[in-house]
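Down below is the structure, laid out as structure tokens.
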Amino acid sequence: MTKKGITILIIILLLIYALIVGVLFIFKNDNEELNDNPNNIIDNNEDEEKQYDYLEIDNTIQLKYFNGTWSLANDNDFNDVLFDIYVNQEYFGYYYLKKGVNWNIFDKNNNYIDYNGSLIAGTTGLQMKVRNSSITIVDSNDLQEASSILGVNIDMLSLSTNQKIIIDLDNNGIMDKVISLSNLYAEIEQPAYYNLVYVNLNGKIIILVDELIDIKDILISPSYKISYFINMFNNIYDSIFIQKGYFSNVGETTYLIYDYKNNTYSLSFDDN
């Protein structure tokens, strides 16, 4: 081979070598970026990678929880998931749920477990404890307090919702109270229609719902009932679950969740 031919061969080999090195360098960088940013892998399926906790309330609403946020869950999310289950506010066991007309309970051997009453189910990560509570009605002192909050004179006889629950919300040995009052469905016409839900926590009034309602809207407005107190994540304060329902079919029954943060109870979930 001539000297010129050898030179050309060397140049070709150098070009091939440079091409191979360049390809390997690009491939290496792409892999490093993928490893440094694993979200690239799940851009199209990010929801499946989140480790949700799940909550079912009274065969009415299914929720999922991630990183401080509640959102609606699908029935299929509950497949093959074990729940801590409470029935009528008492611990019932650690079981699976399967959807029928309502949620049915099954054990690990797929045996049906019968139950009768209100159902609350949460995954272990919630560290859920349902508080046992009972409902009474307000007295004259409560009416005076509620009337002052609402700015409307509340008539006991006109109340269509009259709930008071005495409970120690922060486990400090001092009993608190949660009250829900409404006259939306009073039998005779009222000078003013309202919904009021509030907490008296260690003597401090915290308003959860405060609504004055026009008479033309009373049949399409929601009503509110105190439902459950659930302690989660070993918090000092219990979360308050309020049922939000409707007289007509203008809206579906759901639950509001109020959590204690920044020195007050504030709304953490409302899907409407």
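Quick note on naming: the chains in the structure tokens go A, B, ... in the order shown, residues restart at 1 in each chain, and ligands are numbered from 1 in order of appearance.
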
Can you list every residue of stretch 108-146 of chain A that has an atom at most 8 Å from stretch 160-179 of chain A, with its nearest atom pair and the distance in Å to one decimal, using only C-alpha atoms, ordered by chain then number, as JSON lines?
{"residue": "A:Ser133", "atom": "CA", "partner": "A:Ile165", "partner_atom": "CA", "distance": 7.0}
{"residue": "A:Ser134", "atom": "CA", "partner": "A:Ile165", "partner_atom": "CA", "distance": 6.2}
{"residue": "A:Ile135", "atom": "CA", "partner": "A:Ile165", "partner_atom": "CA", "distance": 5.1}
{"residue": "A:Thr136", "atom": "CA", "partner": "A:Lys164", "partner_atom": "CA", "distance": 5.1}
{"residue": "A:Ile137", "atom": "CA", "partner": "A:Gln163", "partner_atom": "CA", "distance": 5.0}
{"residue": "A:Val138", "atom": "CA", "partner": "A:Lys164", "partner_atom": "CA", "distance": 5.8}

(message) Show me, as a ChimeraX atom specification, the residues that have an atom within 6 Å of A:Asp58 when counting only C-alpha atoms, minus same-chain residues fewer than 3 positions from it.
(response) /A:118-120

(request) Mind listing the strand (DSSP E or B) residues of stretch 47-250 of chain A, per DSSP on the backbone, as a PyMOL selection string? (result) chain A and resi 53-57+61-66+69-72+82-87+90-99+103-106+112-113+119-122+129-130+136+161-167+176-182+193-201+204-213+222-231+239-246

Neighbour list for stretch 67-80 of chain A as a tab-separated table (two decimals) with N, CA and C atoms, in the first residue's frame, cut-off 10 Å, only C-alpha atoms, skip fewer than 4 positions in-chain:
chain	number	residue	atom	x	y	z
A	50	LYS	N	-47.75	7.25	42.68
A	50	LYS	CA	-47.98	7.84	44.00
A	50	LYS	C	-48.47	6.77	44.96
A	51	GLN	N	-48.01	6.84	46.19
A	51	GLN	CA	-48.43	5.90	47.21
A	51	GLN	C	-49.59	6.50	47.99
A	52	TYR	N	-50.80	6.25	47.52
A	52	TYR	CA	-51.99	6.82	48.14
A	52	TYR	C	-52.41	6.02	49.38
A	53	ASP	N	-53.06	6.73	50.31
A	53	ASP	CA	-53.90	6.09	51.31
A	53	ASP	C	-55.34	6.31	50.90
A	54	TYR	N	-56.22	5.39	51.35
A	54	TYR	CA	-57.61	5.43	50.91
A	54	TYR	C	-58.57	5.47	52.10
A	55	LEU	N	-59.72	6.10	51.86
A	55	LEU	CA	-60.73	6.26	52.90
A	55	LEU	C	-62.11	6.11	52.29
A	56	GLU	N	-62.97	5.33	52.94
A	56	GLU	CA	-64.36	5.17	52.51
A	56	GLU	C	-65.25	5.59	53.67
A	61	ILE	N	-68.84	8.00	49.90
A	61	ILE	CA	-67.75	8.68	49.20
A	61	ILE	C	-66.45	7.91	49.40
A	62	GLN	N	-65.66	7.83	48.31
A	62	GLN	CA	-64.36	7.17	48.35
A	62	GLN	C	-63.29	8.22	48.08
A	63	LEU	N	-62.30	8.26	48.94
A	63	LEU	CA	-61.27	9.30	48.86
A	63	LEU	C	-59.89	8.67	48.83
A	95	TYR	N	-59.75	-5.81	56.97
A	95	TYR	CA	-60.37	-6.60	55.92
A	95	TYR	C	-60.24	-5.92	54.55
A	96	TYR	N	-60.66	-6.68	53.54
A	96	TYR	CA	-60.79	-6.15	52.18
A	96	TYR	C	-62.21	-5.62	51.96
A	97	LEU	N	-62.34	-4.70	51.02
A	97	LEU	CA	-63.65	-4.22	50.58
A	97	LEU	C	-63.86	-4.60	49.12
A	98	LYS	N	-65.08	-5.02	48.81
A	98	LYS	CA	-65.45	-5.28	47.42
A	98	LYS	C	-66.80	-4.64	47.17
A	99	LYS	N	-66.93	-4.00	46.00
A	99	LYS	CA	-68.13	-3.22	45.72
A	99	LYS	C	-69.26	-4.09	45.18
A	103	TRP	N	-70.55	-1.34	49.78
A	103	TRP	CA	-69.27	-1.99	49.99
A	103	TRP	C	-69.46	-3.20	50.89
A	108	LYS	N	-59.14	-12.28	54.46
A	108	LYS	CA	-58.02	-12.64	53.58
A	108	LYS	C	-58.25	-13.95	52.84
A	123	THR	N	-57.01	2.97	55.05
A	123	THR	CA	-55.78	2.19	54.99
A	123	THR	C	-54.88	2.53	56.18
A	257	ILE	N	-64.43	17.74	54.87
A	257	ILE	CA	-63.44	17.41	55.89
A	257	ILE	C	-62.81	18.71	56.39
A	268	SER	N	-60.55	21.08	54.35
A	268	SER	CA	-59.51	20.33	53.65
A	268	SER	C	-60.03	19.62	52.42
A	269	PHE	N	-61.34	19.33	52.40
A	269	PHE	CA	-61.90	18.64	51.23
A	269	PHE	C	-63.35	19.01	51.05
A	270	ASP	N	-63.72	19.34	49.80
A	270	ASP	CA	-65.10	19.52	49.36
A	270	ASP	C	-65.09	19.29	47.85
A	271	ASP	N	-65.78	18.25	47.39
A	271	ASP	CA	-65.70	17.92	45.96
A	271	ASP	C	-66.70	18.69	45.13

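The protein and nucleic acid residues lying at most 9 Å from A:Met128 are Asp84, Ala121, Gly122, Thr123, Thr124, Gly125, Leu126, Val130, Ile230, Asn231, Met232, Phe233 and Asn234 of chain A, with only C-alpha atoms considered and sequence neighbours fewer than 2 positions away removed.
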
(request) Using atom CA of A:Gln89 and atom CA of A:Arg131 as the two end points, give the distance in Å to one decimal. (result) 6.6 Å

(request) State, in Å with one decimal place, the distance from atom CA of A:Gly245 to atom CA of A:Phe229. (result) 18.1 Å

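Every residue of stretch 24-189 of chain A found in alpha helix (DSSP H) when DSSP is run on the backbone appears here: Leu24, Phe25, Ile26, Phe27, Lys28, Asn29, Asp30, Asn31, Glu32, Glu33, Leu34, Asn35, Asp36, Glu46, Asp47, Glu48, Glu49, Ser140, Asn141, Asp142, Leu143, Gln144, Glu145, Ala146, Ser147, Ser148, Ile149 and Leu150 of chain A.
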
Output C-alpha atoms for every residue in that selection, as an mmCIF file, in the first residue's frame.
data_model
loop_
_atom_site.group_PDB
_atom_site.id
_atom_site.type_symbol
_atom_site.label_atom_id
_atom_site.label_comp_id
_atom_site.auth_asym_id
_atom_site.auth_seq_id
_atom_site.Cartn_x
_atom_site.Cartn_y
_atom_site.Cartn_z
ATOM 1 C CA LEU A 24 -21.438 6.292 23.417
ATOM 2 C CA PHE A 25 -21.145 9.753 24.995
ATOM 3 C CA ILE A 26 -24.666 10.742 23.926
ATOM 4 C CA PHE A 27 -26.112 7.420 25.130
ATOM 5 C CA LYS A 28 -24.375 7.802 28.508
ATOM 6 C CA ASN A 29 -25.717 11.333 29.016
ATOM 7 C CA ASP A 30 -29.263 10.276 28.123
ATOM 8 C CA ASN A 31 -29.123 7.493 30.697
ATOM 9 C CA GLU A 32 -27.759 9.834 33.371
ATOM 10 C CA GLU A 33 -30.547 12.360 32.754
ATOM 11 C CA LEU A 34 -33.144 9.600 32.980
ATOM 12 C CA ASN A 35 -31.686 8.362 36.255
ATOM 13 C CA ASP A 36 -31.380 11.870 37.681
ATOM 14 C CA GLU A 46 -47.643 9.622 37.146
ATOM 15 C CA ASP A 47 -50.739 8.822 39.228
ATOM 16 C CA GLU A 48 -49.854 5.129 39.460
ATOM 17 C CA GLU A 49 -46.501 5.905 41.078
ATOM 18 C CA SER A 140 -81.071 27.933 75.548
ATOM 19 C CA ASN A 141 -77.441 28.937 76.155
ATOM 20 C CA ASP A 142 -76.425 27.377 72.837
ATOM 21 C CA LEU A 143 -79.257 29.214 71.067
ATOM 22 C CA GLN A 144 -78.092 32.517 72.487
ATOM 23 C CA GLU A 145 -74.518 31.790 71.411
ATOM 24 C CA ALA A 146 -75.592 30.667 67.928
ATOM 25 C CA SER A 147 -77.899 33.649 67.430
ATOM 26 C CA SER A 148 -75.032 35.985 68.270
ATOM 27 C CA ILE A 149 -72.783 34.259 65.726
ATOM 28 C CA LEU A 150 -75.386 34.225 62.967
#

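Shortest separation to A:Ser221 among A:Asn195, A:Gln127, A:Ser239, A:Gln190 occurs at residue A:Asn195, atoms counted being only C-alpha atoms.
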
(message) One decimal, in Å: what's the spacing between atom CA of A:Val199 and atom CA of A:Thr60?
(response) 24.4 Å

(request) Give the answer as one residue: which of A:Lys261, A:Lys64, A:Ser248, A:Tyr255 has the shortest atom-to-atom distance to A:Asn235, using only C-alpha atoms? (result) A:Lys261

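Comparing A:Val250, A:Leu159, A:Ile105, A:Leu181 by their smallest distance to A:Leu208, the closest is A:Leu181 (using only C-alpha atoms).
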
(message) Residues within 7 Å of A:Lys225, please, as a VMD selection string. Count only C-alpha atoms; anything in the same chain fewer than 6 positions from it doesn't count.
(response) chain A and resid 180 242 to 244

(request) Choose the residue, out of A:Asp155, A:Asp210, A:Glu252, A:Asp259, that has the smallest atom-to-atom separation from A:Asn183; count only C-alpha atoms. (result) A:Asp155
